[in-house]
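First comes the structure, then the notes that go with it.
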Amino acid sequence: MFRKLVTLVSLAAVHGEPSEAELMQELTMLQQAVAEQQRTILDQKAELEEYMDHSRRLQVSVNETYYSNTIASLQATDYGFTGAIDSAWLCLCGALVMFMHAGFAMLETGSCRAKNASNVLMKNLVNVCVGTLGWWSLGWAFAYGAEAKTNGFIGASGFFGLDFYTQDATTGVITPVTCNSDGCQSTMLSWFFQWAFCTAGATIVSGGVAERVKSPTYAAYAFCMTTFIYPVIVAWSWGGGWLNSIFDVGYMDFAGSGIVHLTGGVSALAGTVVLGPRKGRFVNPEEFEAHNLPLVVLGTFALWFGWYGFNPGSTLSMSSGNMGALAAQVAMNTTLSAATGGIMVFLARYAIFGKYDVGGLCNGILAGLVSITAGCGNMESGCAVATGFVGALVYQGSSMLLQKLKIDDPVDAVPVHGFCGIWGVLAASLFDWGSGINYYHGWSGWGCMENPDGTCRPNIGGSAVGANIILVLMVIVWAGSLSGIAFFLLKLTGMLRIDEDTEAMGIDMKSHSPPKAYAMSTPAATGVSASEHSPTKAYAAPETTV
Amino acid sequence: MKMVKTGLALLGAVLCAASEESLQERVAALERLLAQQEQLLDQQMQQLQSSERRLQLDDLPPSIHGATTNVTRAYTASEEVKGALDHMWLIVCGAMVMFMQAGFAMVESGCCRAKNVQNILLKNLSDVCVGTIGWWFSGWAIAYGGPMKDGLLENGFMGHEQWFGIGFVGYKQDGQLEPTTGMLNWFFQWAFCSAAATIVSGGVAERVSFGGYVCYSFLMTAFVYPVIVAWTWGYGWLASINSAGFMDFAGSGVVHMTGGVGALVGAVIAGPRTGRFENPEQFGPHSLPLMVLGTFILWFGWYGFNCGSTLGMNSISSGFMAAQVAMNTTIAAATGGLVVFILRLAMTRKYDIGGFCNGILAGLVSITAPCGNVECGSAFGIAILGACVYQGASSLLQKLKVDDPIDAFAVHGAAGAWGVLAAALFDWGKDMDFHHGWSGFGCVAGEDGSCVSGANGDALAANLLEVVMILLWTAFWTTAIMLPLRLAGLLRVSDEDQESGIDTVKHSPTKAYSIEVTAADKAEISQGTPKAFISNPQAPSPPMEAAPMAPETEP
């Protein structure tokens with residue numbers, strides 16, 4: 001508009017010698033234009049002031065103390081929220097993982113013979129209880145004591161749950177949480193969640209040695225496992241130890257294919273090799289079938305259910321949408337891998353034996369779950385299906401291998417947790433969703449591992465695979481050798497294995513009271529059931545047509 | 001600022017200039033001033049624009065990577081907290097719904113005969129696994145894949161994007177990923193989809209052949225069920241049909257009736273189990289503890305099913321809603337169980353635990369649709385009627401000689417249809433005029449914000465239509481899938497195999513339980529020292545052999 005005016009004026013000026021009146025008129029016009037423009041400038045300046053520098057305006061009415069108090073209270077509210085959500089998340093997920101013990105107990109009991117059912121149940125119960133004390137007394141301190149971050153090998157603080165909170169010396173007021181820039185979490189919360197993982201790792205072993213190990217001896221081993229063998233591996237990895245910086249990239253094991261399952265699986269292998277097979281296992285294999293398949297299936301579903309605490313809970317926090325999306329991805333991947341694993345093992349066995357094998361389907365589901373446990377947080381859904389697919393083949397292959405080697409693993413703990421655990425750790429680095437094998441996501445979740453300047457670090461996919469191989473090797477060496485030594489020493493004392501007499505009779509009959517796990521033979525005609533119920537009995541026995 | 005001052009000074013100079021200066025010079029000076037001011041205006045305009053852009057950041061799409069470029073912004077603190085709460089809620093609830101699979105497996109296997117237990121368990125395991133793959137392949141894409149238009153499914157019938165979970169995560173340059181809520185909803189809805197498929201397995205149990213059933217299960221989760229979801233929860237045509245649209249909070253119709261109708265049609269096509277109506281006493285449940293365990297697991301999982309169907313937990317109103325749902329669910333379950341138990345006691349003068357269990361389930365199914373828009377007294381009434389609907393449907397099927405081993409149709413189909421109707425009939429909108437439906441504690445409101453009059457009638461009509469459409473669609477496709485299989489001889493296990501038990505013929509190991517005594521043990525027992533547990537009382541030792549057990553045949 002102004003430019004137009006100027007042009008008009010200059011045109012008039014060029015047109016010819018202007019008269020004074022014309023010039024005066026022009027001058028007035030220009031002055032009006034300038035005045036108008038100045039008004040616009042002032043308006044615009046006022047508008048700009050509105051936008052600029054809110055803080056300066058705040059400072060007019062608010063002093064610095066008030067300002068910082070406001071910030072502090074806002075941050076406290078935020079910490080309150082995020083801390084509460086984290087706690088709710090980890091308490092629920094920890095409880096889900098704890099419920100996996102019910103799954104392990106049902107699965108192992110159902111897979112064993114009826115005459116040892118009580119004993120297997122007891123081993124699982126003892127395992128959780130002893131493991132809890134082990135984790136409380138020493139395990140947590142070795143695994144997560146702050147020293148693990150500096151010496152890289154083992155922690156040494158927090159024994160018996162000491163120093164989990166700070167207490168003011170004069171007032172006695174307790175502060176249960178520690179806060180950093182990410183928020184506040186209680187050490188007790190972390191203890192509880194990790195306890196569930198620790199006892200799960202130990203329970204895996206109980207399946208491998210079932211039906212022939214002496215119960216007190218197994219309890220002693222479970223104590224070693226939860227106080228030292230497993231915690232040291234955690235210290236190296238999740239606890240911040242040396243595996244985090246290996247090859248400059250570090251290992252990636254999101255929820256513990258290697259750290260939990262492989263540790264348990266290798267130890268189970270050591271135990272079952274030292275113990276030797278159950279009497280007659282490879283002579284009359286048909287006598288060693290699962291005695292109660294509904295329990296096996298119930299256990300499998302309970303484990304699958306608990307796995308949604310195991311894997312999604314391993315985000316370890318739930319205070320941002322970012323973590324939420326990661327947990328959702330983990331849940332989806334876990335589902336897909338479990339389903340694929342189950343179908344594949346079922347099909348493989350059907351192709352090999354021409355019979356439907358429910359137990360195989362159950363173990364296939366577990367193989368899929370173990371395989372995805374390490375990589376569930378850094379791969380997309382298609383890769384999860386592939387992981388479950390390969391995991392199923394790994395399981396079936398290793399299961400047949402053990403049979404061939406005449407290693408007696410009653411519940412296939414070694415193939416499911418050991419071999420699939422190895423595959424899971426490798427899959428986590430192979431299927432990482434970094435573009436190509438060039439960039440690597442790993443622990444960074446949705447973003448890539450970055451250089452200090454924020455760009456993606458190139459050419460680290462190979463190092464990541466290497467780091468995970470080291471993790472696998474170290475777990476095998478550490479857990480395998482220590483468990484082997486522990487079982488071997490126990491064997492030398494003659495305390496490891498039940499005597500042949502007991503084995504033939506059944507441990508329940510020999511050592512348990514009541515002497516059997518099932519007492520369903522009460523004649524129905526005499527019970528309350530018969531007179532008042534329809535149907536007249538709770539169990540209708542199988543019609544066996546052998 | 002400096003420019004303004006200079007400008008003012010110049011202007012002053014010009015205005016104060018004496019008349020001896022020629023007018024031309026004054027004109028030239030003014031022109032220069034104009035040009036300078038124009039420059040100043042441009043500068044200020046730029047500053048203004050950038051300030052405005054900073055204030056408008058809230059309109060940009062958020063990114064977990066923060067404001068890395070000008071096209072995204074970081075999530076705000078409240079968005080972070082809300083997102084985290086939603087994810088936690090749905091993952092935990094989804095896991096609980098998944099655990100209902102264990103409940104279904106226990107109820108069904110406990111309810112059937114011991115000789116087929118493995119086969120029942122196999123069916124339950126495989127329909128979860130196959131269903132997962134079906135839902136991943138195409139189920140999600142059809143049900144929720146979109147494309148959407150104005151918040152509704154564009155073609156109203158079925159979606160056709162996001163096959164195989166593709167598109168859940170956005171790929172950016174540099175290997176950075178931008179997640180969506182796709183995975184969360186996929187997971188939560190997966191649990192519902194596989195529940196619907198599992199319901200069918202109960203109706204056809206003990207005589208359906210495994211291969212045929214797996215085919216059906218895949219098609220159910222990959223196509224039949226997802227289309228129904230697309231019409232309803234996927235914002236298809238039933239959601240926008242009239243002023244209120246359908247109301248099925250957690251799926252009495254969408255999930256349970258779909259499964260129940262599938263079970264009924266399957267049971268009819270597969271035909272009754274051999275001997276079912278000749279020797280009914282042989283078809284009692286083989287293990288009541290498993291049935292009760294399964295019922296309790298289902299009841300437990302139902303709190304994920306119903307409460308989780310708030311689909312979020314980021315505000316106090318969704319908290320209130322979930323609590324209302326939990327309370328209604330509890331009341332209905334307890335009422336349904338008691339009513340069926342009392343009905344059967346009156347009819348047979350016997351305690352019937354299986355009936356009690358199914359009554360609990362019937363109450364739960366009945367309240368699944370209306371749990372979010374009725375008050376607790378209505379939940380009590382809905383469950384009483386639901387229990388009667390269940391008992392009626394169960395007796396009717398027996399009379400018609402349709403063999404539904406676990407009453408899947410009576411529980412899920414009949415009570416499901418009743419639940420959908422109840423959701424409109426018992427809606428807590430004022431009188432029969434206003435309607436709450438999906439609006440929760442508020443009413444369905446018109447453009448002006450006032451409650452729509454006559455919405456409750458519309459809702460009833462829409463829900464009636466939902467029932468009819470689910471019935472037609474599911475029955476049609478179940479027939480279309482199962483009838484050819486039956487005609488080809490692939491659906492039903494032969495009579496001989498049924499007689500000896502599917503476990504024996506097809507499975508390895510050949511039986512689900514091996515709790516019976518071995519030959520050596522028997523010798524010991526006969527000497528008067530019973531050694532281990534005996535599950536088969538026909539073993540020689542106990543003198544009283546009153547239980548009508550099937551005779552064991554020695555090998």
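Here's how to read the names in the structure tokens: chain A, B, ... by the order shown, residue numbers from 1 in each chain, ligand numbers from 1 in the order shown.
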
TODO: Find the residues near Val34 in chain A: any atom within 8 Å, counting only C-alpha atoms, skip ones fewer than 2 places away on the same chain, and give them as a PyMOL selection string.
DONE: (chain A and resi 30-32+36-38) or (chain B and resi 30+33-34)

Expected file: the selected residues, all heavy atoms, as an mmCIF file, in the first residue's frame:
data_model
loop_
_atom_site.group_PDB
_atom_site.id
_atom_site.type_symbol
_atom_site.label_atom_id
_atom_site.label_comp_id
_atom_site.auth_asym_id
_atom_site.auth_seq_id
_atom_site.Cartn_x
_atom_site.Cartn_y
_atom_site.Cartn_z
ATOM 1 N N LEU A 30 2.025 12.501 1.783
ATOM 2 C CA LEU A 30 3.147 11.727 2.320
ATOM 3 C C LEU A 30 3.145 11.762 3.837
ATOM 4 O O LEU A 30 3.377 10.763 4.512
ATOM 5 C CB LEU A 30 4.471 12.260 1.774
ATOM 6 C CG LEU A 30 4.875 11.705 0.417
ATOM 7 C CD1 LEU A 30 6.072 12.453 -0.124
ATOM 8 C CD2 LEU A 30 5.219 10.223 0.541
ATOM 9 N N GLN A 31 2.872 12.935 4.367
ATOM 10 C CA GLN A 31 2.885 13.037 5.834
ATOM 11 C C GLN A 31 1.806 12.155 6.455
ATOM 12 O O GLN A 31 2.019 11.488 7.468
ATOM 13 C CB GLN A 31 2.681 14.504 6.257
ATOM 14 C CG GLN A 31 3.979 15.271 6.208
ATOM 15 C CD GLN A 31 3.757 16.761 6.388
ATOM 16 O OE1 GLN A 31 2.628 17.267 6.280
ATOM 17 N NE2 GLN A 31 4.831 17.502 6.634
ATOM 18 N N GLN A 32 0.641 12.157 5.774
ATOM 19 C CA GLN A 32 -0.425 11.279 6.277
ATOM 20 C C GLN A 32 0.020 9.814 6.246
ATOM 21 O O GLN A 32 -0.191 9.050 7.205
ATOM 22 C CB GLN A 32 -1.685 11.437 5.427
ATOM 23 C CG GLN A 32 -2.522 12.609 5.846
ATOM 24 C CD GLN A 32 -3.614 12.890 4.833
ATOM 25 O OE1 GLN A 32 -3.706 12.207 3.806
ATOM 26 N NE2 GLN A 32 -4.416 13.906 5.104
ATOM 27 N N GLU A 36 0.306 7.274 9.357
ATOM 28 C CA GLU A 36 -0.429 6.028 9.374
ATOM 29 C C GLU A 36 0.500 4.842 9.617
ATOM 30 O O GLU A 36 0.244 3.945 10.421
ATOM 31 C CB GLU A 36 -1.147 5.863 8.039
ATOM 32 C CG GLU A 36 -2.249 4.810 8.073
ATOM 33 C CD GLU A 36 -2.911 4.662 6.701
ATOM 34 O OE1 GLU A 36 -3.012 5.699 5.985
ATOM 35 O OE2 GLU A 36 -3.278 3.527 6.341
ATOM 36 N N GLN A 37 1.631 4.889 8.895
ATOM 37 C CA GLN A 37 2.596 3.803 9.034
ATOM 38 C C GLN A 37 3.122 3.732 10.469
ATOM 39 O O GLN A 37 3.325 2.647 11.015
ATOM 40 C CB GLN A 37 3.750 4.058 8.074
ATOM 41 C CG GLN A 37 4.417 2.793 7.612
ATOM 42 C CD GLN A 37 5.527 3.090 6.633
ATOM 43 O OE1 GLN A 37 6.098 4.182 6.623
ATOM 44 N NE2 GLN A 37 5.837 2.130 5.793
ATOM 45 N N GLN A 38 3.294 4.903 11.048
ATOM 46 C CA GLN A 38 3.822 4.894 12.422
ATOM 47 C C GLN A 38 2.834 4.287 13.395
ATOM 48 O O GLN A 38 3.216 3.564 14.312
ATOM 49 C CB GLN A 38 4.177 6.313 12.858
ATOM 50 C CG GLN A 38 5.618 6.584 12.562
ATOM 51 C CD GLN A 38 6.009 7.997 12.899
ATOM 52 O OE1 GLN A 38 5.172 8.905 12.850
ATOM 53 N NE2 GLN A 38 7.267 8.190 13.217
ATOM 54 N N LEU B 30 10.935 12.467 3.013
ATOM 55 C CA LEU B 30 9.781 11.670 3.425
ATOM 56 C C LEU B 30 9.773 10.302 2.758
ATOM 57 O O LEU B 30 9.437 9.281 3.372
ATOM 58 C CB LEU B 30 8.480 12.414 3.083
ATOM 59 C CG LEU B 30 8.003 13.386 4.151
ATOM 60 C CD1 LEU B 30 6.825 14.189 3.638
ATOM 61 C CD2 LEU B 30 7.612 12.631 5.409
ATOM 62 N N LEU B 33 12.132 8.105 4.446
ATOM 63 C CA LEU B 33 11.554 7.688 5.714
ATOM 64 C C LEU B 33 10.556 6.545 5.517
ATOM 65 O O LEU B 33 10.571 5.537 6.231
ATOM 66 C CB LEU B 33 10.864 8.877 6.363
ATOM 67 C CG LEU B 33 10.231 8.602 7.736
ATOM 68 C CD1 LEU B 33 11.271 8.146 8.733
ATOM 69 C CD2 LEU B 33 9.534 9.847 8.236
ATOM 70 N N LEU B 34 9.716 6.718 4.508
ATOM 71 C CA LEU B 34 8.739 5.673 4.211
ATOM 72 C C LEU B 34 9.415 4.325 3.967
ATOM 73 O O LEU B 34 9.005 3.298 4.492
ATOM 74 C CB LEU B 34 7.933 6.054 2.970
ATOM 75 C CG LEU B 34 6.575 6.707 3.219
ATOM 76 C CD1 LEU B 34 5.954 7.103 1.891
ATOM 77 C CD2 LEU B 34 5.655 5.752 3.950
#

- [ ] Can you pull out every residue within 8 Å of Leu303 in chain A, counting only C-alpha atoms, but drop anything in the same chain fewer than 2 positions away, and send it as a VMD selection string?
- [x] chain A and resid 99 to 104 299 to 301 305 to 307 366

File of the preceding selection, N, CA and C atoms, as a PDB file, in the first residue's frame:
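selection-v6.pdb, freshly written:
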ATOM      1  N   PHE A  99       3.057 -65.221  39.707  1.00  0.00           N
ATOM      2  CA  PHE A  99       2.037 -66.231  39.391  1.00  0.00           C
ATOM      3  C   PHE A  99       2.583 -67.282  38.432  1.00  0.00           C
ATOM      4  N   MET A 100       3.675 -66.966  37.738  1.00  0.00           N
ATOM      5  CA  MET A 100       4.302 -67.972  36.882  1.00  0.00           C
ATOM      6  C   MET A 100       4.757 -69.175  37.711  1.00  0.00           C
ATOM      7  N   HIS A 101       4.990 -68.963  39.007  1.00  0.00           N
ATOM      8  CA  HIS A 101       5.340 -70.114  39.834  1.00  0.00           C
ATOM      9  C   HIS A 101       4.215 -71.131  39.871  1.00  0.00           C
ATOM     10  N   ALA A 102       2.972 -70.620  39.904  1.00  0.00           N
ATOM     11  CA  ALA A 102       1.839 -71.541  39.819  1.00  0.00           C
ATOM     12  C   ALA A 102       1.908 -72.299  38.501  1.00  0.00           C
ATOM     13  N   GLY A 103       2.244 -71.568  37.434  1.00  0.00           N
ATOM     14  CA  GLY A 103       2.353 -72.207  36.132  1.00  0.00           C
ATOM     15  C   GLY A 103       3.430 -73.275  36.110  1.00  0.00           C
ATOM     16  N   PHE A 104       4.632 -72.920  36.620  1.00  0.00           N
ATOM     17  CA  PHE A 104       5.716 -73.914  36.658  1.00  0.00           C
ATOM     18  C   PHE A 104       5.287 -75.131  37.475  1.00  0.00           C
ATOM     19  N   GLY A 299      -0.914 -75.037  33.492  1.00  0.00           N
ATOM     20  CA  GLY A 299       0.379 -74.432  33.772  1.00  0.00           C
ATOM     21  C   GLY A 299       0.886 -73.603  32.613  1.00  0.00           C
ATOM     22  N   THR A 300       0.684 -74.107  31.394  1.00  0.00           N
ATOM     23  CA  THR A 300       1.147 -73.359  30.230  1.00  0.00           C
ATOM     24  C   THR A 300       0.417 -72.028  30.116  1.00  0.00           C
ATOM     25  N   PHE A 301      -0.910 -72.068  30.293  1.00  0.00           N
ATOM     26  CA  PHE A 301      -1.656 -70.806  30.218  1.00  0.00           C
ATOM     27  C   PHE A 301      -1.245 -69.859  31.335  1.00  0.00           C
ATOM     28  N   PHE A 305       0.263 -66.220  30.692  1.00  0.00           N
ATOM     29  CA  PHE A 305      -0.339 -65.066  31.374  1.00  0.00           C
ATOM     30  C   PHE A 305       0.729 -64.299  32.148  1.00  0.00           C
ATOM     31  N   GLY A 306       1.527 -65.023  32.935  1.00  0.00           N
ATOM     32  CA  GLY A 306       2.555 -64.369  33.722  1.00  0.00           C
ATOM     33  C   GLY A 306       3.614 -63.694  32.867  1.00  0.00           C
ATOM     34  N   TRP A 307       3.792 -64.221  31.654  1.00  0.00           N
ATOM     35  CA  TRP A 307       4.804 -63.639  30.775  1.00  0.00           C
ATOM     36  C   TRP A 307       4.475 -62.183  30.408  1.00  0.00           C
ATOM     37  N   LEU A 366       5.927 -72.338  25.141  1.00  0.00           N
ATOM     38  CA  LEU A 366       6.958 -71.840  26.044  1.00  0.00           C
ATOM     39  C   LEU A 366       8.246 -71.538  25.283  1.00  0.00           C
TER      40      LEU A 366
END

Report as a CSV table (one decimal) with N, CA, C and O atoms, in the first residue's frame all protein, DNA and RNA residues lying within 9 Å of range 311-325 of chain B, evaluated on only C-alpha atoms, omitting residues in the same chain fewer than 5 positions from it.
chain,number,residue,atom,x,y,z
B,81,VAL,N,1.8,-38.8,31.1
B,81,VAL,CA,1.2,-39.5,32.2
B,81,VAL,C,-0.1,-40.2,31.7
B,81,VAL,O,-0.3,-41.4,32.0
B,82,LYS,N,-0.9,-39.6,30.9
B,82,LYS,CA,-2.1,-40.2,30.4
B,82,LYS,C,-1.8,-41.4,29.5
B,82,LYS,O,-2.5,-42.4,29.6
B,83,GLY,N,-0.9,-41.2,28.7
B,83,GLY,CA,-0.5,-42.3,27.8
B,83,GLY,C,0.0,-43.5,28.6
B,83,GLY,O,-0.4,-44.6,28.3
B,84,ALA,N,0.8,-43.2,29.6
B,84,ALA,CA,1.4,-44.3,30.4
B,84,ALA,C,0.2,-45.0,31.1
B,84,ALA,O,0.2,-46.3,31.1
B,85,LEU,N,-0.7,-44.3,31.7
B,85,LEU,CA,-1.8,-44.9,32.4
B,85,LEU,C,-2.7,-45.8,31.4
B,85,LEU,O,-3.0,-46.9,31.8
B,86,ASP,N,-3.0,-45.3,30.3
B,86,ASP,CA,-3.8,-46.0,29.3
B,86,ASP,C,-3.1,-47.4,29.0
B,86,ASP,O,-3.7,-48.4,28.9
B,87,HIS,N,-1.8,-47.3,28.7
B,87,HIS,CA,-1.0,-48.5,28.3
B,87,HIS,C,-1.0,-49.5,29.5
B,87,HIS,O,-1.2,-50.7,29.2
B,88,MET,N,-0.7,-49.0,30.7
B,88,MET,CA,-0.7,-49.9,31.8
B,88,MET,C,-2.0,-50.6,31.9
B,88,MET,O,-2.1,-51.8,32.1
B,89,TRP,N,-3.1,-49.8,31.9
B,89,TRP,CA,-4.4,-50.4,32.1
B,89,TRP,C,-4.7,-51.5,31.1
B,89,TRP,O,-5.2,-52.6,31.4
B,90,LEU,N,-4.5,-51.2,29.8
B,90,LEU,CA,-4.9,-52.1,28.8
B,90,LEU,C,-4.0,-53.3,28.7
B,90,LEU,O,-4.5,-54.4,28.3
B,185,ASN,N,-3.8,-51.5,21.1
B,185,ASN,CA,-5.2,-51.9,20.7
B,185,ASN,C,-5.2,-53.3,20.1
B,185,ASN,O,-6.1,-54.1,20.3
B,188,PHE,N,-5.0,-55.8,23.0
B,188,PHE,CA,-6.2,-55.9,23.8
B,188,PHE,C,-7.3,-56.6,23.0
B,188,PHE,O,-8.0,-57.4,23.5
B,303,TYR,N,-12.9,-59.3,34.8
B,303,TYR,CA,-12.7,-57.9,35.3
B,303,TYR,C,-11.7,-57.2,34.3
B,303,TYR,O,-11.7,-56.0,34.2
B,306,ASN,N,-14.5,-56.7,31.1
B,306,ASN,CA,-15.5,-55.6,31.2
B,306,ASN,C,-14.8,-54.3,31.6
B,306,ASN,O,-15.0,-53.3,30.9
B,330,THR,N,-19.7,-58.0,39.1
B,330,THR,CA,-19.7,-58.8,40.3
B,330,THR,C,-21.1,-59.2,40.7
B,330,THR,O,-21.4,-60.4,41.0
B,367,ILE,N,-24.3,-59.4,31.6
B,367,ILE,CA,-24.0,-58.0,32.0
B,367,ILE,C,-22.9,-57.4,31.2
B,367,ILE,O,-22.5,-56.2,31.3
B,368,THR,N,-22.3,-58.2,30.3
B,368,THR,CA,-21.1,-57.7,29.5
B,368,THR,C,-21.5,-56.5,28.6
B,368,THR,O,-20.7,-55.5,28.5
B,370,PRO,N,-24.4,-54.4,29.0
B,370,PRO,CA,-24.9,-53.3,29.7
B,370,PRO,C,-24.1,-52.8,30.9
B,370,PRO,O,-24.5,-51.8,31.6
B,371,CYS,N,-22.9,-53.4,31.2
B,371,CYS,CA,-22.3,-53.1,32.5
B,371,CYS,C,-21.9,-51.6,32.6
B,371,CYS,O,-21.7,-51.1,33.7
B,372,GLY,N,-21.8,-50.9,31.4
B,372,GLY,CA,-21.4,-49.5,31.5
B,372,GLY,C,-22.5,-48.5,31.5
B,372,GLY,O,-22.3,-47.3,31.6
B,373,ASN,N,-23.8,-48.9,31.3
B,373,ASN,CA,-24.8,-47.9,31.3
B,373,ASN,C,-26.1,-48.3,32.1
B,373,ASN,O,-27.2,-47.9,31.8
B,374,VAL,N,-25.9,-49.2,33.1
B,374,VAL,CA,-27.0,-49.5,34.0
B,374,VAL,C,-26.5,-49.4,35.4
B,374,VAL,O,-25.3,-49.4,35.7
B,375,GLU,N,-27.5,-49.2,36.3
B,375,GLU,CA,-27.1,-49.1,37.7
B,375,GLU,C,-27.1,-50.5,38.4
B,375,GLU,O,-27.6,-51.5,37.8
B,376,CYS,N,-26.6,-50.6,39.6
B,376,CYS,CA,-26.4,-51.9,40.2
B,376,CYS,C,-27.7,-52.7,40.4
B,376,CYS,O,-27.7,-53.9,40.2
B,440,GLY,N,-21.8,-42.8,28.8
B,440,GLY,CA,-21.4,-43.1,30.2
B,440,GLY,C,-22.4,-42.4,31.1
B,440,GLY,O,-23.6,-42.6,31.1
B,441,PHE,N,-21.8,-41.5,32.0
B,441,PHE,CA,-22.7,-40.8,33.0
B,441,PHE,C,-23.5,-39.7,32.4
B,441,PHE,O,-24.4,-39.2,33.0

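All residues of protein, DNA or RNA that reach within 7 Å of Gly94 in chain A, judged by only C-alpha atoms and not counting those fewer than 3 positions away in the chain, are Leu90, Cys91, Val97, Met98, Phe192, Phe193, Ala196 and Gly309 of chain A.
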
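If you measure from each of A:Ala367, A:Val274, A:Ile174, A:Val385 to chain B using only C-alpha atoms, the closest one turns out to be A:Val385.
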